[in-house]
file run_0.pdb (PDB, C-alpha atoms)
ATOM      1  CA  MET U 118      23.956  11.659 -21.510
ATOM      2  CA  THR U 119      26.505  11.468 -18.723
ATOM      3  CA  ALA U 120      28.148   8.189 -17.778
ATOM      4  CA  LYS U 121      26.516   8.358 -14.338
ATOM      5  CA  ARG U 122      23.057   8.747 -15.862
ATOM      6  CA  VAL U 123      23.628   5.856 -18.287
ATOM      7  CA  PHE U 124      24.831   3.702 -15.380
ATOM      8  CA  LEU U 125      21.767   4.580 -13.280
ATOM      9  CA  LEU U 126      19.373   3.875 -16.144
ATOM     10  CA  GLY U 127      21.085   0.532 -16.742
ATOM     11  CA  LEU U 128      20.921  -0.279 -13.044
ATOM     12  CA  VAL U 129      17.214   0.528 -12.830
ATOM     13  CA  PHE U 130      16.463  -1.403 -16.042
ATOM     14  CA  GLY U 131      18.441  -4.371 -14.727
ATOM     15  CA  CYS U 132      16.529  -4.273 -11.444
ATOM     16  CA  LEU U 133      13.248  -4.189 -13.330
ATOM     17  CA  LEU U 134      14.236  -7.231 -15.387
ATOM     18  CA  ALA U 135      15.535  -9.102 -12.362
ATOM     19  CA  THR U 136      12.376  -8.508 -10.305
ATOM     20  CA  SER U 137       9.737  -8.720 -13.020
ATOM     21  CA  SER U 138       9.089 -12.423 -12.442
ATOM     22  CA  ARG U 139       9.849 -12.473  -8.744
ATOM     23  CA  SER U 140       7.705 -12.005  -5.729
ATOM     24  CA  ALA U 141       8.385 -10.669  -2.274
ATOM     25  CA  THR U 142       8.214 -13.245   0.504
ATOM     26  CA  LEU U 143       6.566 -12.065   3.702
ATOM     27  CA  ARG U 144       4.962 -13.585   6.758
ATOM     28  CA  ALA U 145       1.205 -13.866   6.206
ATOM     29  CA  MET U 146      -0.727 -11.364   8.298
ATOM     30  CA  ARG U 147      -4.283 -12.089   9.346
ATOM     31  CA  LEU U 148      -6.736  -9.245   9.897
ATOM     32  CA  ALA U 149      -6.054  -9.377  13.651
ATOM     33  CA  ASP U 150      -2.289  -9.005  12.989
ATOM     34  CA  LEU U 151      -2.911  -6.002  10.735
ATOM     35  CA  THR U 152      -5.346  -4.382  13.174
ATOM     36  CA  HIS U 153      -3.084  -4.762  16.204
ATOM     37  CA  GLY U 154       0.105  -3.873  14.316
ATOM     38  CA  ALA U 155      -1.203  -0.721  12.628
ATOM     39  CA  ASP U 156      -0.752   2.721  14.145
ATOM     40  CA  VAL U 157      -3.505   4.085  11.903
ATOM     41  CA  ILE U 158      -6.362   2.430   9.990
ATOM     42  CA  PHE U 159      -8.525   4.548   7.715
ATOM     43  CA  VAL U 160     -10.956   4.601   4.805
ATOM     44  CA  GLY U 161      -9.890   7.175   2.226
ATOM     45  CA  THR U 162      -9.688   8.246  -1.404
ATOM     46  CA  VAL U 163      -6.505   8.938  -3.385
ATOM     47  CA  VAL U 164      -6.311  12.623  -4.320
ATOM     48  CA  ASN U 165      -2.683  12.938  -5.461
ATOM     49  CA  SER U 166       0.394  10.826  -6.171
ATOM     50  CA  VAL U 167       3.975  12.005  -6.782
ATOM     51  CA  SER U 168       7.087   9.880  -7.398
ATOM     52  CA  ALA U 169      10.681  10.986  -6.771
ATOM     53  CA  TRP U 170      14.194   9.614  -6.357
ATOM     54  CA  ASN U 171      15.590   9.184  -2.862
ATOM     55  CA  ALA U 172      18.556  11.372  -1.809
ATOM     56  CA  GLU U 173      21.112   8.811  -3.078
ATOM     57  CA  HIS U 174      19.303   8.552  -6.433
ATOM     58  CA  SER U 175      19.194   4.777  -5.982
ATOM     59  CA  ARG U 176      15.461   4.167  -5.438
ATOM     60  CA  ILE U 177      12.178   5.705  -6.470
ATOM     61  CA  TYR U 178       9.473   6.301  -3.886
ATOM     62  CA  THR U 179       5.883   7.412  -4.417
ATOM     63  CA  ARG U 180       4.074   9.661  -1.961
ATOM     64  CA  THR U 181       0.303   9.260  -2.246
ATOM     65  CA  THR U 182      -2.098  11.650  -0.543
ATOM     66  CA  PHE U 183      -5.419  10.307   0.722
ATOM     67  CA  GLN U 184      -8.465  12.306   1.719
ATOM     68  CA  VAL U 185      -9.601  10.510   4.871
ATOM     69  CA  GLU U 186     -13.267   9.625   5.051
ATOM     70  CA  GLU U 187     -13.115   7.770   8.358
ATOM     71  CA  TYR U 188     -10.515   6.677  10.882
ATOM     72  CA  LEU U 189     -10.956   3.165  12.272
ATOM     73  CA  LYS U 190      -7.868   3.447  14.479
ATOM     74  CA  GLY U 191      -5.652   6.435  15.283
ATOM     75  CA  HIS U 192      -5.956   9.876  13.698
ATOM     76  CA  THR U 193      -3.673  12.146  11.672
ATOM     77  CA  GLY U 194      -5.996  14.831  10.248
ATOM     78  CA  GLY U 195      -8.077  15.292   7.103
ATOM     79  CA  THR U 196      -5.394  13.908   4.802
ATOM     80  CA  ILE U 197      -2.581  11.420   5.165
ATOM     81  CA  VAL U 198       0.441  10.822   2.908
ATOM     82  CA  ILE U 199       1.523   7.223   2.363
ATOM     83  CA  GLU U 200       4.990   6.406   1.023
ATOM     84  CA  THR U 201       5.568   3.300  -1.116
ATOM     85  CA  LEU U 202       8.621   1.920  -2.869
ATOM     86  CA  GLY U 203       8.468   2.234  -6.655
ATOM     87  CA  GLY U 204       7.072   4.650  -9.195
ATOM     88  CA  MET U 205       7.961   6.546 -12.368
ATOM     89  CA  VAL U 206      10.225   9.609 -12.602
ATOM     90  CA  ARG U 207      10.936  11.268 -15.962
ATOM     91  CA  GLY U 208      10.498   8.049 -17.928
ATOM     92  CA  VAL U 209      12.441   5.876 -15.479
ATOM     93  CA  GLY U 210      10.343   3.363 -13.576
ATOM     94  CA  MET U 211      10.902   1.113 -10.616
ATOM     95  CA  ARG U 212       8.502  -1.542  -9.348
ATOM     96  CA  ALA U 213       8.644  -3.524  -6.120
ATOM     97  CA  PRO U 214       6.676  -6.807  -6.300
ATOM     98  CA  GLY U 215       4.007  -6.949  -3.605
ATOM     99  CA  MET U 216       4.050  -3.204  -2.986
ATOM    100  CA  PRO U 217       0.634  -1.539  -3.400
ATOM    101  CA  VAL U 218       0.113   0.875  -6.288
ATOM    102  CA  PHE U 219      -2.526   3.585  -5.909
ATOM    103  CA  ARG U 220      -4.529   5.490  -8.528
ATOM    104  CA  VAL U 221      -6.190   8.877  -8.119
ATOM    105  CA  LYS U 222      -9.906   8.591  -7.217
ATOM    106  CA  ASP U 223      -9.574   4.987  -5.954
ATOM    107  CA  ARG U 224     -10.902   4.313  -2.475
ATOM    108  CA  HIS U 225      -9.062   2.126   0.047
ATOM    109  CA  VAL U 226      -8.961   0.861   3.613
ATOM    110  CA  LEU U 227      -5.315   1.066   4.685
ATOM    111  CA  PHE U 228      -3.483  -0.363   7.683
ATOM    112  CA  VAL U 229      -0.594   2.028   8.283
ATOM    113  CA  LYS U 230       2.624   1.948  10.266
ATOM    114  CA  THR U 231       4.344   5.237  11.128
ATOM    115  CA  GLY U 232       8.145   5.410  11.127
ATOM    116  CA  ARG U 233       9.331   6.286  14.628
ATOM    117  CA  VAL U 234      12.280   8.368  13.405
ATOM    118  CA  THR U 235      11.030   9.762  10.098
ATOM    119  CA  GLY U 236       7.287   9.962  10.772
ATOM    120  CA  THR U 237       6.713   8.474   7.314
ATOM    121  CA  HIS U 238       3.463   6.533   6.889
ATOM    122  CA  ARG U 239       3.780   3.143   5.166
ATOM    123  CA  VAL U 240       1.311   0.360   4.451
ATOM    124  CA  LEU U 241       1.721  -2.461   6.968
ATOM    125  CA  GLY U 242       2.590  -5.798   5.366
ATOM    126  CA  TRP U 243       2.942  -4.250   1.910
ATOM    127  CA  ALA U 244      -0.136  -5.234  -0.166
ATOM    128  CA  GLN U 245      -1.514  -7.193   2.802
ATOM    129  CA  GLY U 246      -2.493  -3.925   4.490
ATOM    130  CA  ASN U 247      -4.199  -2.474   1.408
ATOM    131  CA  PHE U 248      -7.881  -3.219   0.806
ATOM    132  CA  ARG U 249      -9.458  -1.570  -2.224
ATOM    133  CA  VAL U 250     -13.061  -0.446  -1.799
ATOM    134  CA  TYR U 251     -15.417  -0.829  -4.734
ATOM    135  CA  ARG U 252     -19.135  -1.140  -5.428
ATOM    136  CA  ASP U 253     -20.346  -4.718  -5.957
ATOM    137  CA  PRO U 254     -22.391  -4.630  -9.185
ATOM    138  CA  HIS U 255     -24.691  -7.441  -7.969
ATOM    139  CA  THR U 256     -25.563  -6.088  -4.519
ATOM    140  CA  GLY U 257     -24.860  -2.360  -4.931
ATOM    141  CA  ARG U 258     -22.952  -2.446  -1.623
ATOM    142  CA  ASP U 259     -19.379  -1.363  -0.957
ATOM    143  CA  VAL U 260     -16.987  -4.291  -0.588
ATOM    144  CA  VAL U 261     -13.265  -4.579   0.111
ATOM    145  CA  ALA U 262     -10.750  -6.786  -1.671
ATOM    146  CA  ARG U 263      -7.000  -6.919  -1.873
ATOM    147  CA  ASP U 264      -4.561  -7.833  -4.601
ATOM    148  CA  LEU U 265      -1.790 -10.030  -3.214
ATOM    149  CA  SER U 266      -0.102 -10.700  -6.552
ATOM    150  CA  GLY U 267       3.635 -10.290  -6.238
ATOM    151  CA  LEU U 268       3.584 -11.649  -2.677
ATOM    152  CA  ASN U 269       4.578 -15.104  -1.513
ATOM    153  CA  LEU U 270       2.953 -15.449   1.925
ATOM    154  CA  LEU U 271       4.415 -17.770   4.539
ATOM    155  CA  GLY U 272       2.542 -19.210   7.482
ATOM    156  CA  GLY U 273      -1.065 -19.249   6.462
ATOM    157  CA  PRO U 274      -3.718 -18.352   3.953
ATOM    158  CA  ALA U 275      -4.842 -14.849   3.184
ATOM    159  CA  SER U 276      -8.226 -13.610   4.376
ATOM    160  CA  LYS U 277     -11.407 -13.723   2.289
ATOM    161  CA  ALA U 278     -11.156 -12.504  -1.294
ATOM    162  CA  THR U 279     -13.952  -9.943  -0.838
ATOM    163  CA  GLN U 280     -15.963  -8.772   2.137
ATOM    164  CA  ASP U 281     -18.753  -6.282   2.737
ATOM    165  CA  LEU U 282     -17.226  -2.946   3.872
ATOM    166  CA  ASP U 283     -19.621  -2.541   6.810
ATOM    167  CA  GLU U 284     -18.840  -6.053   8.085
ATOM    168  CA  PHE U 285     -15.115  -5.445   7.562
ATOM    169  CA  ARG U 286     -15.318  -2.166   9.527
ATOM    170  CA  ASP U 287     -17.227  -3.889  12.361
ATOM    171  CA  THR U 288     -14.612  -6.663  12.529
ATOM    172  CA  ILE U 289     -11.796  -4.100  12.786
ATOM    173  CA  TYR U 290     -13.645  -2.232  15.569
ATOM    174  CA  ARG U 291     -14.205  -5.510  17.439
ATOM    175  CA  LEU U 292     -10.536  -6.524  17.079
ATOM    176  CA  ASN U 293      -9.520  -3.052  18.277
ATOM    177  CA  GLY U 294     -11.740  -3.305  21.372
ATOM    178  CA  ARG U 295     -14.298  -0.670  20.329
TER
END
call {"tool": "encode", "arguments": {"input": "run_0.pdb", "output": "structure tokens"}}
result
Amino acid sequence: MTAKRVFLLGLVFGCLLATSSRSATLRAMRLADLTHGADVIFVGTVVNSVSAWNAEHSRIYTRTTFQVEEYLKGHTGGTIVIETLGGMVRGVGMRAPGMPVFRVKDRHVLFVKTGRVTGTHRVLGWAQGNFRVYRDPHTGRDVVARDLSGLNLLGGPASKATQDLDEFRDTIYRLNGR
């Protein structure tokens, strides 16, 4: 193994240890903040996820492709690729506390910001803009929930723990003036 590779592995391992018990501190975003701040809001299913080093080989990013079921704001086509910090490349992993992690076949409602220069799509407010959709075993209805672990939110409480997907969609439409 080259000295550069050993150094990079040590650096990544050190970053993992240093951040494993930490959380990211962000301003709390209410649903209205997310709705107004997002360029795109959609309901979609993860169909693919690929992690890679950045050009400087200093960070790992994951590009996750979603099959879009419905746009609630904006439009980018039948699929959209979301980039998040963190991932695993050839046995080397990097995790960013508070950054959403997606799994193939999972369904989500995402609030997305598009980079003005790069055109890269990112989740607004890190995990705050990621609502997982799942079937409630008691009611049989689709509900949304978000995992805010790894985030220290300043300035207010987070929204409801779970909410009916249809009600959530209607609230977003109302906040967006539809």
call {"tool": "resolve_selection", "arguments": {"input": "run_0.pdb", "expression": "the PyMOL selection byres ((chain U and resi 180) around 10)", "output": "list in words"}}
result
Asn165, Ser166, Val167, Ser168, Ala169, Tyr178, Thr179, Thr181, Thr182, Phe183, Ile197, Val198, Ile199, Glu200, Thr201, Leu202, Gly203, Gly204, Phe219, Thr237, His238 and Arg239 of chain U
call {"tool": "atom_distance", "arguments": {"input": "run_0.pdb", "atom1": "CA of Leu151 (chain U)", "atom2": "CA of Asp223 (chain U)"}}
result
21.1 Å
call {"tool": "resolve_selection", "arguments": {"input": "run_0.pdb", "expression": "the PyMOL selection byres ((chain U and resi 267) around 9)", "output": "ChimeraX atom specification"}}
result
/U:138-142,213-216,244,264-266,268-269
call {"tool": "resolve_selection", "arguments": {"input": "run_0.pdb", "expression": "the PyMOL selection byres ((chain U and resi 251) around 8)", "output": "PyMOL selection string"}}
result
chain U and resi 224+249-250+252-253+259-261
call {"tool": "atom_distance", "arguments": {"input": "run_0.pdb", "atom1": "CA of Tyr290 (chain U)", "atom2": "CA of Pro217 (chain U)"}}
result
23.8 Å
call {"tool": "residues_around", "arguments": {"input": "run_0.pdb", "residues": "His192 (chain U)", "least_positions_apart": "5", "cutoff": "10 Å", "atoms": "only C-alpha atoms", "output": "VMD selection string"}}
result
chain U and resid 156 to 159 185 187 197
call {"tool": "closest_residue", "arguments": {"input": "run_0.pdb", "among": "U:Gly191, U:Gly161, U:Gly294, U:Gly272", "to": "Thr231 (chain U)", "atoms": "all atoms listed in the file"}}
result
U:Gly191
call {"tool": "closest_residue", "arguments": {"input": "run_0.pdb", "among": "U:Leu241, U:Val206, U:Thr279, U:Ile289", "to": "Asn171 (chain U)", "atoms": "only C-alpha atoms"}}
result
U:Val206
call {"tool": "closest_residue", "arguments": {"input": "run_0.pdb", "among": "U:Val164, U:Leu143, U:Met211, U:Ala149", "to": "Ile177 (chain U)", "atoms": "only C-alpha atoms"}}
result
U:Met211
call {"tool": "atom_distance", "arguments": {"input": "run_0.pdb", "atom1": "CA of Leu227 (chain U)", "atom2": "CA of His174 (chain U)"}}
result
28.0 Å
call {"tool": "closest_residue", "arguments": {"input": "run_0.pdb", "among": "U:Arg212, U:Arg207, U:His153, U:Arg263", "to": "Val226 (chain U)", "atoms": "all atoms listed in the file"}}
result
U:Arg263
call {"tool": "closest_residue", "arguments": {"input": "run_0.pdb", "among": "U:Val240, U:Leu148, U:Ala262, U:Val234", "to": "Gln280 (chain U)", "atoms": "all atoms listed in the file"}}
result
U:Ala262
call {"tool": "build_atoms", "arguments": {"input": "run_0.pdb", "residues": "region 238-256 of chain U", "atoms": "N, CA and C atoms", "output": "PDB file, in the coordinates of the input"}}
result
ATOM      1  N   HIS U 238       4.537   7.525   6.820  1.00  0.00           N
ATOM      2  CA  HIS U 238       3.463   6.533   6.889  1.00  0.00           C
ATOM      3  C   HIS U 238       3.642   5.522   5.768  1.00  0.00           C
ATOM      4  N   ARG U 239       3.633   4.227   6.145  1.00  0.00           N
ATOM      5  CA  ARG U 239       3.780   3.143   5.166  1.00  0.00           C
ATOM      6  C   ARG U 239       2.705   2.101   5.403  1.00  0.00           C
ATOM      7  N   VAL U 240       2.322   1.403   4.341  1.00  0.00           N
ATOM      8  CA  VAL U 240       1.311   0.360   4.451  1.00  0.00           C
ATOM      9  C   VAL U 240       1.923  -0.848   5.158  1.00  0.00           C
ATOM     10  N   LEU U 241       1.260  -1.318   6.188  1.00  0.00           N
ATOM     11  CA  LEU U 241       1.721  -2.461   6.968  1.00  0.00           C
ATOM     12  C   LEU U 241       1.572  -3.740   6.145  1.00  0.00           C
ATOM     13  N   GLY U 242       2.642  -4.521   6.081  1.00  0.00           N
ATOM     14  CA  GLY U 242       2.590  -5.798   5.366  1.00  0.00           C
ATOM     15  C   GLY U 242       2.509  -5.671   3.863  1.00  0.00           C
ATOM     16  N   TRP U 243       2.983  -4.543   3.343  1.00  0.00           N
ATOM     17  CA  TRP U 243       2.942  -4.250   1.910  1.00  0.00           C
ATOM     18  C   TRP U 243       1.507  -4.369   1.418  1.00  0.00           C
ATOM     19  N   ALA U 244       1.223  -5.142   0.385  1.00  0.00           N
ATOM     20  CA  ALA U 244      -0.136  -5.234  -0.166  1.00  0.00           C
ATOM     21  C   ALA U 244      -1.117  -5.880   0.813  1.00  0.00           C
ATOM     22  N   GLN U 245      -0.620  -6.568   1.829  1.00  0.00           N
ATOM     23  CA  GLN U 245      -1.514  -7.193   2.802  1.00  0.00           C
ATOM     24  C   GLN U 245      -2.340  -6.161   3.558  1.00  0.00           C
ATOM     25  N   GLY U 246      -1.800  -4.977   3.742  1.00  0.00           N
ATOM     26  CA  GLY U 246      -2.493  -3.925   4.490  1.00  0.00           C
ATOM     27  C   GLY U 246      -3.272  -2.966   3.619  1.00  0.00           C
ATOM     28  N   ASN U 247      -3.489  -3.325   2.359  1.00  0.00           N
ATOM     29  CA  ASN U 247      -4.199  -2.474   1.408  1.00  0.00           C
ATOM     30  C   ASN U 247      -5.449  -3.190   0.912  1.00  0.00           C
ATOM     31  N   PHE U 248      -6.608  -2.652   1.241  1.00  0.00           N
ATOM     32  CA  PHE U 248      -7.881  -3.219   0.806  1.00  0.00           C
ATOM     33  C   PHE U 248      -8.595  -2.179  -0.057  1.00  0.00           C
ATOM     34  N   ARG U 249      -8.771  -2.476  -1.306  1.00  0.00           N
ATOM     35  CA  ARG U 249      -9.458  -1.570  -2.224  1.00  0.00           C
ATOM     36  C   ARG U 249     -10.955  -1.654  -1.986  1.00  0.00           C
ATOM     37  N   VAL U 250     -11.607  -0.509  -1.978  1.00  0.00           N
ATOM     38  CA  VAL U 250     -13.061  -0.446  -1.799  1.00  0.00           C
ATOM     39  C   VAL U 250     -13.689  -0.227  -3.167  1.00  0.00           C
ATOM     40  N   TYR U 251     -14.688  -1.034  -3.483  1.00  0.00           N
ATOM     41  CA  TYR U 251     -15.417  -0.829  -4.734  1.00  0.00           C
ATOM     42  C   TYR U 251     -16.863  -1.270  -4.558  1.00  0.00           C
ATOM     43  N   ARG U 252     -17.701  -0.819  -5.466  1.00  0.00           N
ATOM     44  CA  ARG U 252     -19.135  -1.140  -5.428  1.00  0.00           C
ATOM     45  C   ARG U 252     -19.365  -2.480  -6.109  1.00  0.00           C
ATOM     46  N   ASP U 253     -20.004  -3.415  -5.394  1.00  0.00           N
ATOM     47  CA  ASP U 253     -20.346  -4.718  -5.957  1.00  0.00           C
ATOM     48  C   ASP U 253     -21.512  -4.517  -6.926  1.00  0.00           C
ATOM     49  N   PRO U 254     -21.329  -4.868  -8.205  1.00  0.00           N
ATOM     50  CA  PRO U 254     -22.391  -4.630  -9.185  1.00  0.00           C
ATOM     51  C   PRO U 254     -23.656  -5.463  -8.946  1.00  0.00           C
ATOM     52  N   HIS U 255     -23.537  -6.565  -8.221  1.00  0.00           N
ATOM     53  CA  HIS U 255     -24.691  -7.441  -7.969  1.00  0.00           C
ATOM     54  C   HIS U 255     -25.528  -6.953  -6.786  1.00  0.00           C
ATOM     55  N   THR U 256     -24.845  -6.485  -5.736  1.00  0.00           N
ATOM     56  CA  THR U 256     -25.563  -6.088  -4.519  1.00  0.00           C
ATOM     57  C   THR U 256     -25.702  -4.576  -4.380  1.00  0.00           C
TER      58      THR U 256
END
